[in-house]
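Have a look at start16.txt; it's compact mmCIF, C-alpha atoms:
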# COMPACT_ATOMS: atom_id res chain seq x y z
CA MET E 1 2.22 6.87 -14.24
CA ASP E 2 0.43 6.06 -17.52
CA ALA E 3 -3.25 5.24 -17.02
CA LEU E 4 -3.69 3.57 -20.42
CA ASN E 5 -0.59 1.42 -20.01
CA ASP E 6 -1.64 0.50 -16.47
CA ILE E 7 -5.03 -0.71 -17.73
CA ALA E 8 -3.42 -2.85 -20.41
CA GLU E 9 -0.91 -4.41 -18.04
CA PHE E 10 -3.47 -4.94 -15.29
CA LEU E 11 -5.93 -6.78 -17.55
CA THR E 12 -3.13 -8.85 -19.09
CA SER E 13 -1.72 -9.83 -15.68
CA ARG E 14 -5.15 -10.79 -14.30
CA ARG E 15 -5.97 -12.84 -17.43
CA ALA E 16 -2.70 -14.76 -17.06
CA ARG E 17 -3.60 -15.68 -13.50
CA VAL E 18 -6.89 -17.49 -14.24
CA THR E 19 -6.69 -21.02 -15.65
CA PRO E 20 -9.39 -22.51 -17.92
CA GLU E 21 -10.15 -25.01 -15.17
CA GLN E 22 -10.78 -22.20 -12.69
CA ALA E 23 -13.09 -20.54 -15.19
CA GLY E 24 -14.97 -23.77 -15.89
CA LEU E 25 -13.80 -23.95 -19.51
CA PRO E 26 -12.76 -27.06 -21.45
CA THR E 27 -9.18 -27.30 -22.72
CA TRP E 28 -7.84 -28.94 -25.85
CA GLY E 29 -4.21 -29.60 -26.63
CA PRO E 30 -1.19 -27.45 -25.72
CA ARG E 31 -1.66 -23.77 -24.86
CA ARG E 32 0.79 -21.02 -25.77
CA VAL E 33 -0.36 -18.58 -23.07
CA ASN E 34 -0.53 -18.65 -19.30
CA GLY E 35 -4.08 -18.43 -18.06
CA LEU E 36 -6.99 -17.52 -20.31
CA ARG E 37 -6.89 -16.53 -23.96
CA ARG E 38 -8.40 -13.18 -24.97
CA GLU E 39 -11.28 -14.88 -26.75
CA GLU E 40 -12.07 -16.86 -23.60
CA VAL E 41 -12.24 -13.72 -21.48
CA ALA E 42 -14.41 -12.07 -24.11
CA SER E 43 -16.79 -15.02 -24.11
CA LEU E 44 -17.00 -15.09 -20.30
CA ALA E 45 -17.63 -11.32 -20.19
CA GLY E 46 -20.19 -11.38 -22.99
CA VAL E 47 -18.34 -9.02 -25.33
CA SER E 48 -16.78 -9.44 -28.76
CA VAL E 49 -13.16 -10.53 -29.07
CA GLU E 50 -12.27 -7.32 -30.93
CA TYR E 51 -13.89 -5.22 -28.22
CA TYR E 52 -11.96 -7.02 -25.48
CA LYS E 53 -8.72 -6.66 -27.42
CA ARG E 54 -9.36 -2.92 -27.58
CA LEU E 55 -9.87 -2.83 -23.82
CA GLU E 56 -6.68 -4.78 -23.20
CA ARG E 57 -4.78 -2.27 -25.35
CA GLY E 58 -5.85 0.37 -22.83
CA ASN E 59 -8.72 1.86 -24.86
CA ILE E 60 -11.16 1.73 -21.99
CA SER E 61 -12.56 5.26 -22.17
CA GLY E 62 -16.36 5.25 -22.22
CA VAL E 63 -16.74 1.62 -21.18
CA SER E 64 -19.92 1.02 -19.20
CA ASP E 65 -20.08 -0.09 -15.58
CA GLY E 66 -21.88 -3.22 -16.78
CA VAL E 67 -18.95 -4.25 -18.97
CA LEU E 68 -16.49 -3.54 -16.14
CA GLU E 69 -18.57 -5.72 -13.80
CA ALA E 70 -18.60 -8.48 -16.42
CA LEU E 71 -14.81 -8.25 -16.79
CA ALA E 72 -14.38 -8.38 -13.02
CA ARG E 73 -16.42 -11.59 -12.88
CA ALA E 74 -14.64 -13.16 -15.88
CA LEU E 75 -11.21 -12.41 -14.42
CA GLN E 76 -12.31 -13.44 -10.90
CA LEU E 77 -11.20 -10.15 -9.35
CA ASP E 78 -11.43 -9.66 -5.60
CA ASP E 79 -12.92 -6.50 -4.08
CA ALA E 80 -9.65 -4.54 -4.17
CA GLU E 81 -8.94 -5.56 -7.78
CA ARG E 82 -12.48 -4.73 -8.88
CA ALA E 83 -12.24 -1.27 -7.31
CA HIS E 84 -8.84 -0.80 -9.00
CA LEU E 85 -10.30 -1.66 -12.41
CA PHE E 86 -13.04 0.95 -11.96
CA ASP E 87 -10.46 3.51 -10.76
CA LEU E 88 -8.31 2.89 -13.85
CA ALA E 89 -11.31 3.28 -16.15
CA ARG E 90 -12.33 6.50 -14.40
CA ALA E 91 -8.81 7.91 -14.68
CA ALA E 92 -8.72 7.14 -18.41
CA SER E 93 -11.94 9.02 -19.08
CA PRO E 94 -11.39 12.43 -20.74
CA MET E 95 -14.29 13.74 -18.63
CA THR E 96 -12.53 13.01 -15.34
CA PRO E 97 -10.92 16.12 -13.77
CA LYS E 98 -7.14 15.75 -13.52
CA ARG E 99 -6.68 16.54 -9.82
CA ARG E 100 -3.11 16.95 -8.65
CA ARG E 101 -2.89 16.57 -4.90
CA GLY E 102 -0.34 18.80 -3.25
CA VAL E 103 2.80 17.23 -1.88
CA GLN E 104 2.48 18.90 1.52
CA GLN E 105 -0.29 17.84 3.89
CA ARG E 106 -0.82 19.22 7.38
CA VAL E 107 -2.44 17.52 10.35
CA ARG E 108 -5.03 19.77 11.96
CA PRO E 109 -4.60 20.71 15.66
CA ALA E 110 -7.85 18.92 16.56
CA VAL E 111 -6.51 15.69 15.04
CA LEU E 112 -3.23 16.09 16.93
CA ARG E 113 -5.15 16.46 20.20
CA ILE E 114 -7.13 13.30 19.45
CA LEU E 115 -3.89 11.52 18.58
CA ASP E 116 -2.31 12.48 21.91
CA SER E 117 -5.39 11.29 23.83
CA ILE E 118 -5.06 7.73 22.46
CA THR E 119 -3.22 5.46 24.90
CA ALA E 120 -2.30 2.86 22.26
CA PRO E 121 0.41 3.50 19.63
CA ALA E 122 -1.20 5.72 16.98
CA ILE E 123 0.10 7.29 13.77
CA VAL E 124 -1.36 9.67 11.19
CA ARG E 125 -0.34 8.99 7.62
CA ASN E 126 -1.48 9.92 4.13
CA SER E 127 -2.27 7.76 1.11
CA ARG E 128 1.40 7.80 0.08
CA VAL E 129 2.25 6.25 3.49
CA ASP E 130 4.08 9.37 4.66
CA TYR E 131 4.11 9.32 8.48
CA LEU E 132 2.90 12.83 9.30
CA ALA E 133 2.37 12.64 13.07
CA ALA E 134 2.39 10.16 15.94
CA ASN E 135 1.63 10.09 19.63
CA PRO E 136 4.62 9.39 21.93
CA LEU E 137 4.03 5.62 21.99
CA GLY E 138 3.51 5.50 18.23
CA ARG E 139 6.76 7.34 17.67
CA ALA E 140 8.57 5.03 20.09
CA LEU E 141 7.16 1.96 18.33
CA TYR E 142 8.30 3.20 14.92
CA ALA E 143 11.50 4.86 16.14
CA PRO E 144 13.63 3.08 13.48
CA LEU E 145 11.44 4.61 10.76
CA PHE E 146 11.29 8.10 12.25
CA ASP E 147 15.05 8.05 12.87
CA SER E 148 15.89 6.47 9.52
CA ARG E 149 18.49 8.01 7.25
CA GLU E 150 15.77 7.94 4.54
CA GLN E 151 13.68 11.05 5.04
CA PRO E 152 11.00 12.35 5.15
CA PRO E 153 9.45 9.48 7.16
CA ASN E 154 7.62 7.16 4.78
CA SER E 155 6.78 3.50 5.31
CA ALA E 156 7.66 2.40 1.76
CA ARG E 157 10.83 4.48 1.59
CA PHE E 158 11.98 2.95 4.89
CA ALA E 159 11.03 -0.62 3.92
CA PHE E 160 12.82 -0.61 0.57
CA LEU E 161 15.73 1.78 1.04
CA ASP E 162 16.92 1.39 4.65
CA PRO E 163 18.61 -1.96 5.48
CA VAL E 164 17.41 -1.55 9.07
CA ALA E 165 13.87 -2.34 7.86
CA GLN E 166 14.69 -5.97 7.11
CA GLU E 167 15.61 -6.43 10.76
CA PHE E 168 12.70 -4.35 12.07
CA TYR E 169 9.94 -6.13 10.10
CA VAL E 170 9.92 -9.82 11.02
CA ASP E 171 7.92 -10.58 7.85
CA TRP E 172 9.77 -8.06 5.70
CA GLU E 173 8.88 -9.48 2.28
CA ARG E 174 5.16 -9.79 3.05
CA ASN E 175 5.09 -6.30 4.53
CA ALA E 176 6.99 -4.86 1.55
CA LYS E 177 4.67 -6.52 -0.98
CA ASP E 178 1.65 -5.21 0.91
CA LEU E 179 3.06 -1.70 0.68
CA VAL E 180 3.58 -2.02 -3.08
CA ALA E 181 0.02 -3.32 -3.48
CA HIS E 182 -1.30 -0.38 -1.44
CA LEU E 183 0.61 2.14 -3.55
CA ARG E 184 -0.67 0.44 -6.73
CA SER E 185 -4.23 0.94 -5.48
CA GLU E 186 -3.51 4.58 -4.72
CA ALA E 187 -1.97 5.09 -8.16
CA GLY E 188 -5.22 3.87 -9.69
CA ARG E 189 -7.26 6.28 -7.57
CA ASN E 190 -4.91 9.24 -7.95
CA PRO E 191 -2.80 8.78 -11.12
CA TYR E 192 -1.98 12.50 -11.27
CA ASP E 193 -0.71 12.79 -7.69
CA ARG E 194 2.75 14.32 -8.19
CA GLY E 195 4.02 13.22 -4.77
CA LEU E 196 2.97 9.62 -5.39
CA SER E 197 4.57 9.60 -8.85
CA ASP E 198 7.81 10.95 -7.40
CA LEU E 199 7.82 8.30 -4.67
CA VAL E 200 7.18 5.45 -7.11
CA GLY E 201 9.90 6.77 -9.40
CA GLU E 202 12.41 7.01 -6.54
CA LEU E 203 11.66 3.50 -5.29
CA SER E 204 11.69 1.98 -8.79
CA THR E 205 15.10 3.51 -9.44
CA ARG E 206 16.70 2.59 -6.13
CA SER E 207 15.11 -0.79 -5.30
CA PRO E 208 15.06 -3.76 -7.71
CA GLU E 209 12.54 -5.54 -5.47
CA PHE E 210 10.14 -2.63 -5.64
CA GLY E 211 10.40 -2.46 -9.42
CA THR E 212 9.70 -6.18 -9.78
CA TRP E 213 6.69 -6.18 -7.46
CA TRP E 214 5.33 -2.94 -8.91
CA ALA E 215 5.29 -4.55 -12.36
CA ALA E 216 3.10 -7.38 -11.01
CA HIS E 217 0.12 -4.95 -10.70
CA ASN E 218 -1.13 -6.55 -7.47
CA VAL E 219 -3.47 -4.42 -5.36
CA ARG E 220 -4.95 -4.80 -1.90
CA TYR E 221 -6.75 -2.95 0.85
CA HIS E 222 -4.57 -1.93 3.78
CA GLN E 223 -7.11 -1.40 6.57
CA THR E 224 -6.58 -4.13 9.17
CA GLY E 225 -4.12 -6.90 9.94
CA THR E 226 -1.21 -8.01 12.09
CA LYS E 227 2.33 -6.64 12.26
CA ARG E 228 5.30 -8.53 13.64
CA LEU E 229 8.07 -6.14 14.61
CA ARG E 230 11.54 -6.65 16.07
CA HIS E 231 12.02 -3.51 18.15
CA PRO E 232 15.59 -2.52 19.08
CA VAL E 233 14.57 -1.74 22.70
CA VAL E 234 11.87 -4.27 23.68
CA GLY E 235 12.34 -7.12 21.20
CA GLU E 236 9.65 -8.84 19.16
CA LEU E 237 6.02 -7.69 19.18
CA GLU E 238 2.96 -9.08 17.43
CA LEU E 239 0.40 -6.30 17.13
CA ASP E 240 -3.02 -6.02 15.53
CA TYR E 241 -3.72 -2.78 13.69
CA GLU E 242 -6.76 -0.91 12.47
CA VAL E 243 -6.70 1.95 9.95
CA MET E 244 -9.42 4.60 10.36
CA GLU E 245 -10.12 7.32 7.82
CA ILE E 246 -10.23 10.97 8.86
CA SER E 247 -13.28 11.87 6.82
CA ALA E 248 -12.65 15.62 6.79
CA ASP E 249 -9.09 15.25 5.45
CA ASP E 250 -8.83 13.54 2.07
CA GLY E 251 -6.36 10.66 2.20
CA LEU E 252 -5.42 10.96 5.89
CA THR E 253 -5.85 8.01 8.25
CA ILE E 254 -5.08 7.11 11.86
CA SER E 255 -3.47 3.70 12.42
CA CYS E 256 -3.80 2.24 15.94
CA TYR E 257 -1.95 -0.81 17.28
CA SER E 258 -2.85 -3.20 20.10
CA ALA E 259 -1.60 -6.44 21.62
CA GLU E 260 -3.45 -9.41 23.05
CA PRO E 261 -4.01 -8.69 26.79
CA GLY E 262 -1.55 -10.56 28.98
CA SER E 263 0.64 -11.56 26.05
CA ARG E 264 4.39 -11.18 25.72
CA SER E 265 3.69 -8.46 23.17
CA GLN E 266 1.52 -6.54 25.67
CA GLN E 267 4.31 -6.72 28.23
CA ALA E 268 6.77 -5.43 25.63
CA LEU E 269 4.35 -2.63 24.72
CA ASP E 270 4.01 -1.65 28.39
CA LEU E 271 7.80 -1.61 28.69
CA LEU E 272 8.02 0.53 25.56
CA ALA E 273 5.48 2.97 27.05
CA SER E 274 7.65 3.30 30.17
CA TRP E 275 10.73 3.81 28.03
CA ALA E 276 8.98 6.45 25.91
CA ALA E 277 7.81 8.29 29.05
CA THR E 278 11.28 8.43 30.58
CA PRO E 279 12.73 11.91 30.05
CA GLU E 280 16.13 12.28 28.51
CA PRO E 281 18.76 12.98 31.18
CA SER E 282 19.68 16.63 31.33
CA PRO E 283 23.31 17.44 30.60
CA THR E 284 25.18 18.32 33.77
CA THR E 285 28.48 20.00 34.38
CA THR E 286 30.89 18.96 37.06
CA THR E 287 33.52 21.05 38.75
CA GLU E 288 36.63 19.74 40.32
CA SER E 289 37.26 20.40 43.96
CA PRO E 290 39.96 22.94 44.54

For this file, write the structure as structure tokens.
Amino acid sequence: MDALNDIAEFLTSRRARVTPEQAGLPTWGPRRVNGLRREEVASLAGVSVEYYKRLERGNISGVSDGVLEALARALQLDDAERAHLFDLARAASPMTPKRRRGVQQRVRPAVLRILDSITAPAIVRNSRVDYLAANPLGRALYAPLFDSREQPPNSARFAFLDPVAQEFYVDWERNAKDLVAHLRSEAGRNPYDRGLSDLVGELSTRSPEFGTWWAAHNVRYHQTGTKRLRHPVVGELELDYEVMEISADDGLTISCYSAEPGSRSQQALDLLASWAATPEPSPTTTTESP
């Protein structure tokens, strides 16, 4: 991933999204560009046109927080986009240490014990959406992912590379776009993460949809929401989820899922818990009577 190129493309894509009307600007005659012109963004941000052009070429090193805030307002960025802009600027600074996170991450025994004590489906994952551990109900809920031909278990790898995912996720396209937006955010925070770069490269090469949505530079937070799943054992479920950071382990989170009490989804979840708790039948041998 190229931090300078990412900055240029991010600013260009956000500028194209805002119309003069949305920015409260007058318009005259035909326009040759989608969204705002560079000089309009510069005026709204209170900087010179040449300075903004330099920023949009990726030369953002040394830019002040005040200018970044002004750009965020001019381009009408939401919280996730604003944070992404600051992450990109930080990554482009020559003073920022180039940290390369290791590919392998381990879940501590204490976290595993906590995971097993949770009665709801629960999963530990890292910022690259690798699924590192799960309690029995969490593994049963995401059995298609854990048993996927695409290994090691990773939410984005499963969504884009395993055809089973389009049956498993009721809202596959929305879910897939959310995953791309999450990985875009992570790429801004950790542009030198070798594991993340390898994953993005694999998905870009093998999935046309991923490549198209990655190029859109959309970002979002992935901390709470609703999942609609079509489970091969218990059918459709609509589950709320919450993502909680494990503060002592950089990048690791626990995702927990719940259903509305008394709902069809809760009944399906209870059935799934019973199914997950049923031991596999032991192989037996039979002998013929003499």

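Coordinates place CA of Arg37 in chain E at a distance of 10.1 Å from CA of Val49 in chain E.
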
Near range 186-190 of chain E, 12 Å: range 111-172 of chain E residue rows, closest pairs, all atoms listed in the file, as a tab-separated table:
residue	atom	partner	partner_atom	distance
E:Asn126	CA	E:Glu186	CA	10.5
E:Ser127	CA	E:Glu186	CA	6.8
E:Arg128	CA	E:Glu186	CA	7.6
E:Val129	CA	E:Glu186	CA	10.2

Find the distance between CA of Glu202 in chain E and CA of Arg184 in chain E and write it in Å to one decimal. 14.6 Å

Close residues, Ala74 in chain E itself excluded, 8 Å, all atoms listed in the file, min 3 positions apart in chain, as a compact mmCIF listing (two decimals) with C-alpha atoms, keeping the file's coordinate frame:
# COMPACT_ATOMS: atom_id res chain seq x y z
CA ALA E 23 -13.09 -20.54 -15.19
CA VAL E 41 -12.24 -13.72 -21.48
CA LEU E 44 -17.00 -15.09 -20.30
CA ALA E 45 -17.63 -11.32 -20.19
CA ALA E 70 -18.60 -8.48 -16.42
CA LEU E 71 -14.81 -8.25 -16.79
CA LEU E 77 -11.20 -10.15 -9.35

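The gap separating CA of Asp171 in chain E from CA of Ala16 in chain E is 27.4 Å, in Å to one decimal.
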